[in-house]
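K.L.:
Shown below is the structure under consideration.
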Amino acid sequence: MSSSKILLITGVSSGFGRALAREALAAGHKVVGTVRSAEAKRDFEALSDGAAFAYLLDVTDFDAIDGVVARIEADVGPIDVLVNNAGYGHEGILEESPLSEMRRQFDVNVFGAVAMMKAVLPFMRNRRSGHILNITSMGGHITMPGIAYYCGSKFALEGITESLGKEVKPFGIAVTAVAPGSFRTDWAGRSMTRTPRSIADYDPIFDPIRKAREERSGKQLGDPQKAARAMLAVIGAEHPPTHLLLGSDALGLVRDKLSVLAGEIRAWEDVTVSTDGGAV
Ligand code: NAP
C-alpha cells in the first residue's frame, strides 16, 4: 500500500489483531493497539520502535473510551482506520446459558465496538475521511446450535455496520464488516466462554458440536496472516466493500444459507403478500 496510515486496532495481544498489526507495520503504517495488561503493552510496543503504540483498554470500560481515543489523536496522530477486532465467543445452549453471559457477550462484541465507533466518528467526520472495519464472523450470517448469543452479537454488528455505513458515506467515511470463517487464533481456546451443560435433552444436538470445536481449536483452516493481508487490501481499496467474507468455509456456508433463505421466501411468498391492506 502506498500511503502510510494510522490504524487503531482493538485487541492486539493475539489472533487477528496481532496478525493485522504485524502486517500493517511491515507495510509501513503506524499501529495503535489496545491491550489489557502492562505485559501485553510492553510486548506489543516491542514489535516496532516508533510505529507500534499500545494503550490499556477493556472495551467494556465505556466511560474510558472517549478519553483514550482523544489521547491517541493528540499523542500519535489522526486515526485513519479503526479496526474493531476485540471480541470473544460464548458457547452454550440458550436455555442453559444465563442472561448475564448474553449481556457480557453483547457488551464486548457489540456495545464495545459501537462505543469505539462513536469515539472516533467526530474526528473522522471533521476530516471528511476514515475507514472503520468491524470484525464480525460468518456467525453474523449463518447460525448453528450452541452459539446463539455469539451469533446474535455478530448479526447485530453486521446490521449496525451496514446502517452506519449509509449514515457516514456522505462524509467520506467507509464502514466494512469483515466476516471470517474458522481461523487459527485463540478464539476457540483460551478466549472462549463455555457455559457448563445442565439439561440432558440437548446432549445429542450439542455434545458433538462442543467436542468437534474443542478438537479443531488450533487446527482451523484459516490463516490469520492471510486474513491480515486481505484486510490491508480492503483498507487500501478505493471503494471498500460493506461486507467481506474471509475463508472458503464462510463462502460455502453463507452461500448455502442465502439460497435456503431465498427458497423459503419464495415458498411463503403468497402468505407474505397477503397482508397488504391495499391503497388507502
Ligand atoms: P483471540 O486470539 O482470542 O483474540 C481476541 C482479542 O480480543 C485478544 O487480544 C483479547 O485480549 C481481545 N479482547 C477480548 N475481550 C476484550 C475486551 N473486553 N476488551 C478488550 N480486548 C478484548 O481471537 P481472534 O479470533 O483473533 O478474535 C478477534 C475477533 O475475530 C473477535 O471479534 C472474534 O469474535 C472474531 N472472529 C474470530 C474467528 C476465528 O475463527 N478465530 C472467526 C470469526 C470471527 P486479551 O488477550 O486481553 O484477552
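Numbering starts fresh at 1 for the residues of each chain in the C-alpha cells, the chains themselves are lettered A, B, ... in the order given, and ligands are numbered from 1 as they appear.
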I'd like the contact shell of A:Leu253 - 12 Å cut-off, only C-alpha atoms, skipping same-chain residues fewer than 6 positions apart - returned as a ChimeraX atom specification.

P.N.:
/A:137-144,179-182,245-247,259-260

K.L.:
The selected residues should be written to file as a PDB file, in the first residue's frame (atoms: N, CA and C atoms).

P.N.:
ATOM      1  N   SER A 137     -18.203 -12.068  11.870  1.00  0.00           N
ATOM      2  CA  SER A 137     -17.961 -13.511  11.799  1.00  0.00           C
ATOM      3  C   SER A 137     -18.886 -14.076  10.739  1.00  0.00           C
ATOM      4  N   MET A 138     -18.560 -15.288  10.225  1.00  0.00           N
ATOM      5  CA  MET A 138     -19.582 -15.955   9.413  1.00  0.00           C
ATOM      6  C   MET A 138     -20.807 -16.206  10.293  1.00  0.00           C
ATOM      7  N   GLY A 139     -20.587 -16.247  11.603  1.00  0.00           N
ATOM      8  CA  GLY A 139     -21.690 -16.347  12.569  1.00  0.00           C
ATOM      9  C   GLY A 139     -22.530 -15.081  12.646  1.00  0.00           C
ATOM     10  N   GLY A 140     -22.210 -14.080  11.838  1.00  0.00           N
ATOM     11  CA  GLY A 140     -23.073 -12.913  11.681  1.00  0.00           C
ATOM     12  C   GLY A 140     -23.981 -13.064  10.464  1.00  0.00           C
ATOM     13  N   HIS A 141     -23.841 -14.229   9.772  1.00  0.00           N
ATOM     14  CA  HIS A 141     -24.679 -14.528   8.602  1.00  0.00           C
ATOM     15  C   HIS A 141     -25.377 -15.877   8.759  1.00  0.00           C
ATOM     16  N   ILE A 142     -24.650 -16.847   9.336  1.00  0.00           N
ATOM     17  CA  ILE A 142     -25.203 -18.205   9.483  1.00  0.00           C
ATOM     18  C   ILE A 142     -25.228 -18.555  10.972  1.00  0.00           C
ATOM     19  N   THR A 143     -25.974 -19.593  11.292  1.00  0.00           N
ATOM     20  CA  THR A 143     -26.080 -19.975  12.712  1.00  0.00           C
ATOM     21  C   THR A 143     -25.876 -21.469  12.865  1.00  0.00           C
ATOM     22  N   MET A 144     -25.610 -21.876  14.107  1.00  0.00           N
ATOM     23  CA  MET A 144     -25.636 -23.297  14.443  1.00  0.00           C
ATOM     24  C   MET A 144     -26.012 -23.421  15.912  1.00  0.00           C
ATOM     25  N   ALA A 179     -16.192 -10.693   7.844  1.00  0.00           N
ATOM     26  CA  ALA A 179     -16.766 -11.886   8.471  1.00  0.00           C
ATOM     27  C   ALA A 179     -15.897 -13.119   8.196  1.00  0.00           C
ATOM     28  N   PRO A 180     -14.997 -13.454   9.130  1.00  0.00           N
ATOM     29  CA  PRO A 180     -14.141 -14.627   8.918  1.00  0.00           C
ATOM     30  C   PRO A 180     -14.879 -15.937   9.192  1.00  0.00           C
ATOM     31  N   GLY A 181     -14.429 -16.982   8.501  1.00  0.00           N
ATOM     32  CA  GLY A 181     -14.829 -18.348   8.861  1.00  0.00           C
ATOM     33  C   GLY A 181     -13.987 -18.792  10.049  1.00  0.00           C
ATOM     34  N   SER A 182     -13.599 -20.076  10.078  1.00  0.00           N
ATOM     35  CA  SER A 182     -12.811 -20.588  11.216  1.00  0.00           C
ATOM     36  C   SER A 182     -11.325 -20.353  10.986  1.00  0.00           C
ATOM     37  N   LEU A 245     -16.428 -11.586   3.255  1.00  0.00           N
ATOM     38  CA  LEU A 245     -16.246 -12.895   3.892  1.00  0.00           C
ATOM     39  C   LEU A 245     -14.790 -13.292   3.757  1.00  0.00           C
ATOM     40  N   LEU A 246     -14.251 -13.977   4.764  1.00  0.00           N
ATOM     41  CA  LEU A 246     -12.884 -14.496   4.677  1.00  0.00           C
ATOM     42  C   LEU A 246     -12.901 -16.001   4.907  1.00  0.00           C
ATOM     43  N   GLY A 247     -12.389 -16.742   3.925  1.00  0.00           N
ATOM     44  CA  GLY A 247     -12.280 -18.198   4.068  1.00  0.00           C
ATOM     45  C   GLY A 247     -13.311 -18.928   3.224  1.00  0.00           C
ATOM     46  N   SER A 259     -29.217 -19.228  -0.235  1.00  0.00           N
ATOM     47  CA  SER A 259     -30.083 -19.928  -1.179  1.00  0.00           C
ATOM     48  C   SER A 259     -31.262 -20.585  -0.433  1.00  0.00           C
ATOM     49  N   VAL A 260     -31.037 -21.076   0.792  1.00  0.00           N
ATOM     50  CA  VAL A 260     -32.158 -21.614   1.592  1.00  0.00           C
ATOM     51  C   VAL A 260     -33.137 -20.490   1.922  1.00  0.00           C
TER      52      VAL A 260
END

K.L.:
Env of A:Val59: 10 Å cut, atoms = only C-alpha atoms, seq-sep filter 3 positions within chain, self excluded. Answer as a VMD selection string.

P.N.:
chain A and resid 10 to 11 34 to 36 56 62 to 65 84 86 to 87 107 to 116

K.L.:
In Å to one decimal, how far is atom CA of A:Ala174 from atom CA of A:Leu251?

P.N.:
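Going from atom CA of A:Leu251 over to atom CA of A:Ala174, I get 22.7 Å.
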
K.L.:
Quick one: residues within 7 Å of A:Gly89, only C-alpha atoms counted, chain neighbours fewer than 2 positions away excluded, as a list of chain:residue names?

P.N.:
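Counting only the stated atoms, we get A:Glu91, A:Tyr150, A:Trp187, A:Met192, A:Thr193.
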
K.L.:
Would you mind exporting C-alpha atoms of the selected residues as a PDB file, in the first residue's frame?

P.N.:
ATOM      1  CA  GLU A  91     -20.606 -21.189  23.573  1.00  0.00           C
ATOM      2  CA  TYR A 150     -22.401 -15.158  19.798  1.00  0.00           C
ATOM      3  CA  TRP A 187     -10.863 -17.811  19.782  1.00  0.00           C
ATOM      4  CA  MET A 192     -13.906 -18.837  24.673  1.00  0.00           C
ATOM      5  CA  THR A 193     -16.501 -18.830  27.478  1.00  0.00           C
TER       6      THR A 193
END

K.L.:
So which residues touch stretch 5-7 of chain A within 8 Å, counting only C-alpha atoms, skipping near sequence neighbours fewer than 5 positions away, as an mmCIF file with N, CA and C atoms, in the first residue's frame?

P.N.:
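And here's around15.cif as it stands now:
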data_model
loop_
_atom_site.group_PDB
_atom_site.id
_atom_site.type_symbol
_atom_site.label_atom_id
_atom_site.label_comp_id
_atom_site.auth_asym_id
_atom_site.auth_seq_id
_atom_site.Cartn_x
_atom_site.Cartn_y
_atom_site.Cartn_z
ATOM 1 N N HIS A 29 2.786 1.232 7.987
ATOM 2 C CA HIS A 29 1.776 2.005 8.719
ATOM 3 C C HIS A 29 2.171 2.130 10.191
ATOM 4 N N LYS A 30 1.536 3.100 10.857
ATOM 5 C CA LYS A 30 1.637 3.163 12.319
ATOM 6 C C LYS A 30 0.445 2.411 12.888
ATOM 7 N N VAL A 31 0.683 1.656 13.964
ATOM 8 C CA VAL A 31 -0.415 0.903 14.561
ATOM 9 C C VAL A 31 -0.536 1.220 16.042
ATOM 10 N N VAL A 32 -1.732 1.656 16.412
ATOM 11 C CA VAL A 32 -2.059 1.817 17.821
ATOM 12 C C VAL A 32 -2.939 0.635 18.182
ATOM 13 N N GLY A 77 -1.536 10.797 16.515
ATOM 14 C CA GLY A 77 -1.955 11.467 15.285
ATOM 15 C C GLY A 77 -3.351 11.049 14.876
ATOM 16 N N PRO A 78 -3.812 11.573 13.736
ATOM 17 C CA PRO A 78 -5.182 11.292 13.288
ATOM 18 C C PRO A 78 -5.401 9.806 12.965
ATOM 19 N N ILE A 79 -6.448 9.255 13.528
ATOM 20 C CA ILE A 79 -6.754 7.835 13.281
ATOM 21 C C ILE A 79 -7.427 7.723 11.915
ATOM 22 N N ASP A 80 -6.745 7.084 10.982
ATOM 23 C CA ASP A 80 -7.309 6.903 9.636
ATOM 24 C C ASP A 80 -8.258 5.714 9.596
ATOM 25 N N VAL A 81 -7.886 4.660 10.354
ATOM 26 C CA VAL A 81 -8.639 3.407 10.286
ATOM 27 C C VAL A 81 -8.868 2.877 11.702
ATOM 28 N N LEU A 82 -10.117 2.592 12.028
ATOM 29 C CA LEU A 82 -10.429 1.888 13.288
ATOM 30 C C LEU A 82 -10.776 0.452 12.934
ATOM 31 N N VAL A 83 -10.133 -0.497 13.605
ATOM 32 C CA VAL A 83 -10.499 -1.904 13.417
ATOM 33 C C VAL A 83 -11.054 -2.426 14.742
#

K.L.:
Looking at only C-alpha atoms, which of A:Val254, A:Val120, A:Ala177, A:Val271 is the one that sits closest to A:Ala70?

P.N.:
A:Val120

K.L.:
For ligand 1, which residue out of A:Ala51, A:Leu221, A:Ala148, A:Val12 is the nearest one, using only C-alpha atoms and all ligand atoms?

P.N.:
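Result for the nearest residue to ligand 1: A:Val12.
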
K.L.:
If you run DSSP on the backbone, which residues of stretch 15-253 of chain A are alpha helix (DSSP H), as a ChimeraX atom specification?

P.N.:
/A:15-26,38-45,62-75,99-106,113-127,148-168,203-216,224-236,248-253

K.L.:
Kindly export the residues of the current selection with C-alpha atoms, as a tab-separated table (two decimals), in the first residue's frame.

P.N.:
chain	number	residue	atom	x	y	z
A	15	GLY	CA	-5.09	-13.68	16.76
A	16	PHE	CA	-6.37	-11.39	14.01
A	17	GLY	CA	-5.50	-8.18	15.86
A	18	ARG	CA	-1.89	-9.22	16.31
A	19	ALA	CA	-1.57	-10.53	12.74
A	20	LEU	CA	-3.07	-7.36	11.25
A	21	ALA	CA	-0.80	-5.18	13.38
A	22	ARG	CA	2.29	-7.08	12.21
A	23	GLU	CA	1.31	-6.89	8.53
A	24	ALA	CA	0.38	-3.20	8.80
A	25	LEU	CA	3.69	-2.36	10.48
A	26	ALA	CA	5.55	-4.30	7.77
A	38	ALA	CA	1.10	-3.91	31.19
A	39	GLU	CA	2.91	-7.01	29.95
A	40	ALA	CA	0.88	-7.08	26.72
A	41	LYS	CA	1.60	-3.36	26.26
A	42	ARG	CA	5.39	-3.89	26.53
A	43	ASP	CA	5.18	-6.91	24.28
A	44	PHE	CA	3.24	-5.03	21.58
A	45	GLU	CA	5.40	-1.91	21.61
A	62	PHE	CA	-17.26	2.54	28.20
A	63	ASP	CA	-16.50	5.67	30.22
A	64	ALA	CA	-12.79	5.41	29.38
A	65	ILE	CA	-13.10	5.03	25.60
A	66	ASP	CA	-13.56	8.68	24.57
A	67	GLY	CA	-10.55	9.73	26.65
A	68	VAL	CA	-8.30	7.03	25.22
A	69	VAL	CA	-9.26	7.92	21.63
A	70	ALA	CA	-8.69	11.65	22.29
A	71	ARG	CA	-5.25	10.84	23.75
A	72	ILE	CA	-4.34	8.76	20.70
A	73	GLU	CA	-5.40	11.59	18.36
A	74	ALA	CA	-3.31	14.09	20.36
A	75	ASP	CA	-0.24	11.92	21.02
A	99	LEU	CA	-28.66	-13.92	30.68
A	100	SER	CA	-25.56	-12.46	32.34
A	101	GLU	CA	-23.46	-14.35	29.74
A	102	MET	CA	-25.50	-12.78	26.96
A	103	ARG	CA	-25.06	-9.32	28.44
A	104	ARG	CA	-21.29	-9.84	28.66
A	105	GLN	CA	-21.21	-11.14	25.06
A	106	PHE	CA	-23.08	-8.09	23.77
A	113	ALA	CA	-17.45	-1.81	19.20
A	114	VAL	CA	-20.19	0.83	19.00
A	115	ALA	CA	-18.59	2.90	21.77
A	116	MET	CA	-15.30	2.81	19.83
A	117	MET	CA	-17.06	3.95	16.66
A	118	LYS	CA	-18.84	6.76	18.49
A	119	ALA	CA	-15.47	7.91	19.86
A	120	VAL	CA	-13.64	8.07	16.51
A	121	LEU	CA	-16.50	9.36	14.37
A	122	PRO	CA	-16.33	13.05	15.42
A	123	PHE	CA	-12.66	13.13	14.37
A	124	MET	CA	-13.23	11.26	11.11
A	125	ARG	CA	-16.31	13.34	10.27
A	126	ASN	CA	-14.39	16.60	10.81
A	127	ARG	CA	-11.68	15.34	8.48
A	148	ALA	CA	-26.94	-18.22	19.85
A	149	TYR	CA	-25.52	-15.39	21.97
A	150	TYR	CA	-22.40	-15.16	19.80
A	151	CYS	CA	-24.37	-15.21	16.53
A	152	GLY	CA	-26.80	-12.67	17.97
A	153	SER	CA	-23.93	-10.32	18.75
A	154	LYS	CA	-22.34	-10.73	15.33
A	155	PHE	CA	-25.66	-10.37	13.46
A	156	ALA	CA	-26.13	-7.16	15.46
A	157	LEU	CA	-22.72	-5.86	14.47
A	158	GLU	CA	-23.36	-6.73	10.80
A	159	GLY	CA	-26.60	-4.73	10.86
A	160	ILE	CA	-25.07	-1.80	12.72
A	161	THR	CA	-22.17	-1.74	10.26
A	162	GLU	CA	-24.45	-1.64	7.24
A	163	SER	CA	-26.70	1.05	8.68
A	164	LEU	CA	-23.84	3.25	9.92
A	165	GLY	CA	-22.15	2.98	6.52
A	166	LYS	CA	-25.21	4.62	4.94
A	167	GLU	CA	-25.14	7.42	7.53
A	168	VAL	CA	-21.47	8.35	7.13
A	203	ASP	CA	-26.88	-33.87	24.59
A	204	PRO	CA	-27.48	-35.31	21.09
A	205	ILE	CA	-27.63	-31.96	19.32
A	206	PHE	CA	-24.86	-30.16	21.18
A	207	ASP	CA	-22.27	-32.59	22.58
A	208	PRO	CA	-20.78	-33.44	19.16
A	209	ILE	CA	-20.55	-29.73	18.29
A	210	ARG	CA	-18.73	-28.80	21.51
A	211	LYS	CA	-16.37	-31.76	21.15
A	212	ALA	CA	-15.59	-31.01	17.50
A	213	ARG	CA	-14.89	-27.32	18.26
A	214	GLU	CA	-12.51	-28.25	21.09
A	215	GLU	CA	-10.70	-30.77	18.90
A	216	ARG	CA	-10.40	-28.38	15.96
A	224	PRO	CA	-4.71	-15.19	10.31
A	225	GLN	CA	-1.72	-13.76	8.44
A	226	LYS	CA	-3.54	-14.21	5.13
A	227	ALA	CA	-6.65	-12.65	6.68
A	228	ALA	CA	-4.50	-9.69	7.73
A	229	ARG	CA	-3.27	-9.25	4.17
A	230	ALA	CA	-6.86	-9.37	2.89
A	231	MET	CA	-7.86	-6.70	5.42
A	232	LEU	CA	-4.97	-4.48	4.33
A	233	ALA	CA	-6.17	-4.81	0.74
A	234	VAL	CA	-9.62	-3.66	1.85
A	235	ILE	CA	-8.11	-0.75	3.78
A	236	GLY	CA	-6.20	0.29	0.64
A	248	SER	CA	-13.77	-20.85	1.79
A	249	ASP	CA	-15.79	-22.27	4.70
A	250	ALA	CA	-17.50	-18.91	5.22
A	251	LEU	CA	-18.12	-18.62	1.47
A	252	GLY	CA	-19.79	-22.03	1.17
A	253	LEU	CA	-21.88	-21.76	4.33

K.L.:
Grab the atom 18 (N, counted along the ligand's line) of ligand 1 to atom CA of A:Asp58 distance for me, in Å with one decimal place.

P.N.:
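These atoms are spaced 4.8 Å apart.
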
K.L.:
Please extract the residues of stretch 203-274 of chain A with a backbone DSSP assignment of strand (DSSP E) and present them as a list of chain:residue names.

P.N.:
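Selection result, strand (DSSP E) within stretch 203-274 of chain A: A:His243, A:Leu244, A:Leu245, A:Leu246.
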
K.L.:
Write out the residues from the selection above, keeping N, CA, C and O atoms, as a compact mmCIF listing (two decimals), in the first residue's frame.

P.N.:
# COMPACT_ATOMS: atom_id res chain seq x y z
N HIS A 243 -19.52 -5.60 3.04
CA HIS A 243 -19.37 -6.92 3.67
C HIS A 243 -18.24 -7.67 2.97
O HIS A 243 -18.17 -7.67 1.75
N LEU A 244 -17.40 -8.32 3.75
CA LEU A 244 -16.37 -9.17 3.17
C LEU A 244 -16.29 -10.47 3.96
O LEU A 244 -16.12 -10.45 5.18
N LEU A 245 -16.43 -11.59 3.25
CA LEU A 245 -16.25 -12.90 3.89
C LEU A 245 -14.79 -13.29 3.76
O LEU A 245 -14.16 -12.99 2.75
N LEU A 246 -14.25 -13.98 4.76
CA LEU A 246 -12.88 -14.50 4.68
C LEU A 246 -12.90 -16.00 4.91
O LEU A 246 -13.36 -16.46 5.96

K.L.:
What does the distance between atom 17 (C, counted along the ligand's line) of ligand 1 and atom CA of A:Ser13 come to in Å, to one decimal place?

P.N.:
10.9 Å

K.L.:
Identify which of the residues A:Lys219, A:His131, A:Arg197, A:Arg190 lies closest to A:Glu96, counting only C-alpha atoms when measuring atom-to-atom distances.

P.N.:
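Smallest distance to A:Glu96 is found for A:Arg197.
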
K.L.:
Quick one: everything within 7 Å of A:Thr176, counting only C-alpha atoms, minus sequence neighbours fewer than 4 positions away in the same chain. Send it as a list in words.

P.N.:
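The residues satisfying every condition are Ile132, Leu133, Asn134, Thr161, Pro241, Thr242 and His243 of chain A.
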